[in-house]
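Visitor: Quick one: the structure is below, questions incoming.
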Amino acid sequence: MINKEDDFIPYFNPEMENLGREELDNLVDERIKYTVKYAAENSPFYRKWFRENNVTPADISTHEDLLELPIVTSDTIRNNQPPETPDFRFKSVDWKDVYTVHETSGTSGVPKSFFLTWADWQRYAQKYGRSFVSQNFNEDDRVIMCASYGMNVGANTMTLAARDIGMAIIPEGKCTFPPRILESYQPTGIVASVFKLLRLAKRLRKQGIEPPETSINKMVVGGESFAEEARTYLEEVWDCPVYNTYGSTEGTMCGECRMKNGLHVPEDIVHLDVYDPHKKTFVKDGECGRIVLTTLLAPGERCGSLLLNYDTEDTTVVVSRDKCECGRTHMRILNPQREAETFWVEETPFNRVDVEKGVFQRDNMEYLTGEYEAFLYGETGNTTLRVSLECEEPEICDRENVQENFLKSFLQYKPGLQDAYNEEAFEILFNFLPEGEMDFYKVKGRPKRVVDRR
């Protein structure tokens, strides 16, 4: 069984993480006022942006004022950097103050450039430090980092956070390390994706090592959204808790605490609103929309790349602004999903996570490895979703049961898709494959699990 400790959870920054709601809101307003002033004085983009939108920076002093400002998108950033412009207009410090330069992955277009000062790194590390400590990591832990070091900030930021906590990092970068790493260093945690951790477990078992018998007692999954069923299965395989984090080069670092009832947003460092791009309005807590990010600076602080009302194109729901059972007062959100991984069929949306949920139904995992990919074909009124599932042993897989479990889960809360499926306007086909034969194995980089070929 998974070990659920009942010990008191310490805080990385107790004064800030336990700040009362009224005090926290007042602090946010103070930092919004200063951040807008800093943007007007130091950011070439925002200086022009305020002028073109007839905004007087001094009038922006509260959260409500911020909601009245226009939304900035990824295209806005790309259109204000080379090769579109001769300089980087979102850079808000002199080059002599830039500590590192970073780019986004570029999976949805030209990579966006971001500039970090050393103070930015400290703020980023503060966010991840809070998450780690809320997940029971401390100076006694040794953690294998299976996230890439490079232009992305995740692995480097978590490594810096580990230094501040006092725990040791084993910077593997990939999850293909040999078993001797576990035997020699006796690590207590791993940071990786769901699928990397499942593959690692399978590799260990082939070498006669049962994952629960290793020194690993907790895991952190980040970098992409996942189905709760996938997390539950991963916890069963490793017999330890698996925690969720969400981060981006833009600075949206949020993390689950031990209670697993939403990801805490470090509200004093990053401001998060939820926006409906179709209605062109911000939504209430409990309603789904896109994450809109605003950098928050304390008076006197500086920032390399500053963002106000930035549309991340990731969707979420604010779970609560009440005090969490862990004692932290900062708001909690649902696991964000990439809107780029949302697809529409018969005027009904579904996300890659919905497909993953169908795959990881518990009965299915008696036969499946968890690896999957799906392809959309056709047109309105005649759409096909072909789901390929990797099997442990295809010849003995109960295919009828797996299909039934998938369909029940996938269509359960989507009446539009259920109706289209019943009326044969939407067809779902299943393809059962032996290990190693998925199309994505032939392509370098992160697998694209759902591909729209319409």
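Letters A, B, ... mark the chains of the structure tokens in the order given; residue numbers begin at 1 per chain; ligand numbers begin at 1, in order shown.
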Determine, counting only C-alpha atoms, which protein, DNA and RNA residues have an atom within 9 Å of an atom of range 61-78 of chain A; residues of the same chain fewer than 5 positions away are not included. Present the result as a PDB file with C-alpha atoms, in the first residue's frame.

Guide:
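Result file follows (part.pdb):
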```pdb
ATOM      1  CA  ASP A  25      -4.883  40.028  -1.962  1.00  0.00           C
ATOM      2  CA  ASN A  26      -3.493  43.344  -0.697  1.00  0.00           C
ATOM      3  CA  VAL A  28      -0.952  41.128  -4.936  1.00  0.00           C
ATOM      4  CA  ASP A  29      -2.459  44.573  -5.596  1.00  0.00           C
ATOM      5  CA  GLU A  30       0.715  46.255  -4.342  1.00  0.00           C
ATOM      6  CA  ARG A  31       2.856  44.134  -6.644  1.00  0.00           C
ATOM      7  CA  ILE A  32       0.545  44.637  -9.627  1.00  0.00           C
ATOM      8  CA  LYS A  33       0.901  48.396  -9.223  1.00  0.00           C
ATOM      9  CA  TYR A  34       4.696  48.223  -9.066  1.00  0.00           C
ATOM     10  CA  VAL A  36       2.891  47.790 -14.264  1.00  0.00           C
ATOM     11  CA  ASN A  53      -4.252  51.128 -25.929  1.00  0.00           C
ATOM     12  CA  VAL A  55      -3.718  53.009 -20.840  1.00  0.00           C
ATOM     13  CA  PRO A  83      13.304  37.936 -37.153  1.00  0.00           C
ATOM     14  CA  GLU A  84      10.108  40.020 -37.066  1.00  0.00           C
ATOM     15  CA  PHE A  88      13.650  41.742 -28.382  1.00  0.00           C
ATOM     16  CA  ARG A  89      10.932  44.140 -27.291  1.00  0.00           C
ATOM     17  CA  PHE A  90       9.823  42.023 -24.308  1.00  0.00           C
ATOM     18  CA  GLY A 109       5.593  27.839 -33.853  1.00  0.00           C
ATOM     19  CA  VAL A 110       8.846  29.796 -33.746  1.00  0.00           C
ATOM     20  CA  PRO A 111      10.349  29.496 -30.238  1.00  0.00           C
ATOM     21  CA  LYS A 112       9.623  32.439 -27.955  1.00  0.00           C
ATOM     22  CA  SER A 113      12.690  34.023 -26.354  1.00  0.00           C
ATOM     23  CA  HIS A 271      -0.754  36.239 -10.831  1.00  0.00           C
ATOM     24  CA  ASP A 273      -6.568  34.610 -14.021  1.00  0.00           C
ATOM     25  CA  THR A 281     -14.191  37.738 -20.717  1.00  0.00           C
ATOM     26  CA  PHE A 282     -12.627  36.430 -17.509  1.00  0.00           C
ATOM     27  CA  VAL A 292      -3.719  34.161 -18.163  1.00  0.00           C
ATOM     28  CA  LEU A 307       4.433  39.585 -19.001  1.00  0.00           C
ATOM     29  CA  LEU A 308       1.064  41.176 -18.257  1.00  0.00           C
ATOM     30  CA  ASN A 309      -2.168  39.308 -19.064  1.00  0.00           C
ATOM     31  CA  TYR A 310      -0.339  36.645 -21.078  1.00  0.00           C
ATOM     32  CA  ASP A 311      -2.564  33.919 -22.565  1.00  0.00           C
ATOM     33  CA  THR A 312      -0.704  30.635 -21.979  1.00  0.00           C
ATOM     34  CA  GLU A 313      -3.175  28.684 -24.149  1.00  0.00           C
TER      35      GLU A 313
END
```

Visitor: To test your reading of the structure, identify every residue in range 89-207 of chain A that backbone DSSP assigns to alpha helix (DSSP H), and report it as number ranges by chain.

Guide: A: 118-134, 154-165, 180-185, 194-206

Visitor: Write out as a count of residues only all residues of range 112-218 of chain A that DSSP puts in strand (DSSP E) for this structure's backbone.

Guide: 16

Visitor: Please compute the CA of Ser92 in chain A-CA of Ser305 in chain A distance, one decimal, in Å.

Guide: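 It comes out at 5.5 Å.
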
Visitor: Just checking: using only C-alpha atoms, which residue out of A:Thr232, A:Asn152, A:Thr295, A:Asn138 ends up closest to Gly189 in chain A?

Guide: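 Ranking A:Thr232, A:Asn152, A:Thr295, A:Asn138 by distance to Gly189 in chain A, first place goes to A:Asn138.
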
Visitor: Quick one: residues within 10 Å of Met158 in chain A, only C-alpha atoms, excluding same-chain residues fewer than 4 positions away - as a list in words?

Guide: Tyr124, Ala125, Gln126, Lys127, Tyr128, Gly129, Ser131, Phe132, Met145, Ala147, Val153, Gly154, Ala162, Arg163, Asp164, Ile169 and Val191 of chain A

Visitor: Considering only C-alpha atoms, state which residue in the set A:Leu160, A:Ala39, A:Ala420, A:Ala155 is at the smallest distance from Glu346 in chain A.

Guide: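 Among A:Leu160, A:Ala39, A:Ala420, A:Ala155, it is A:Ala420 that comes nearest to Glu346 in chain A.
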
Visitor: Please determine, counting only C-alpha atoms, which residue among A:Thr380, A:Val318, A:Gly286, A:Gln403 has the shortest atom-to-atom distance to Glu424 in chain A.

Guide: A:Thr380
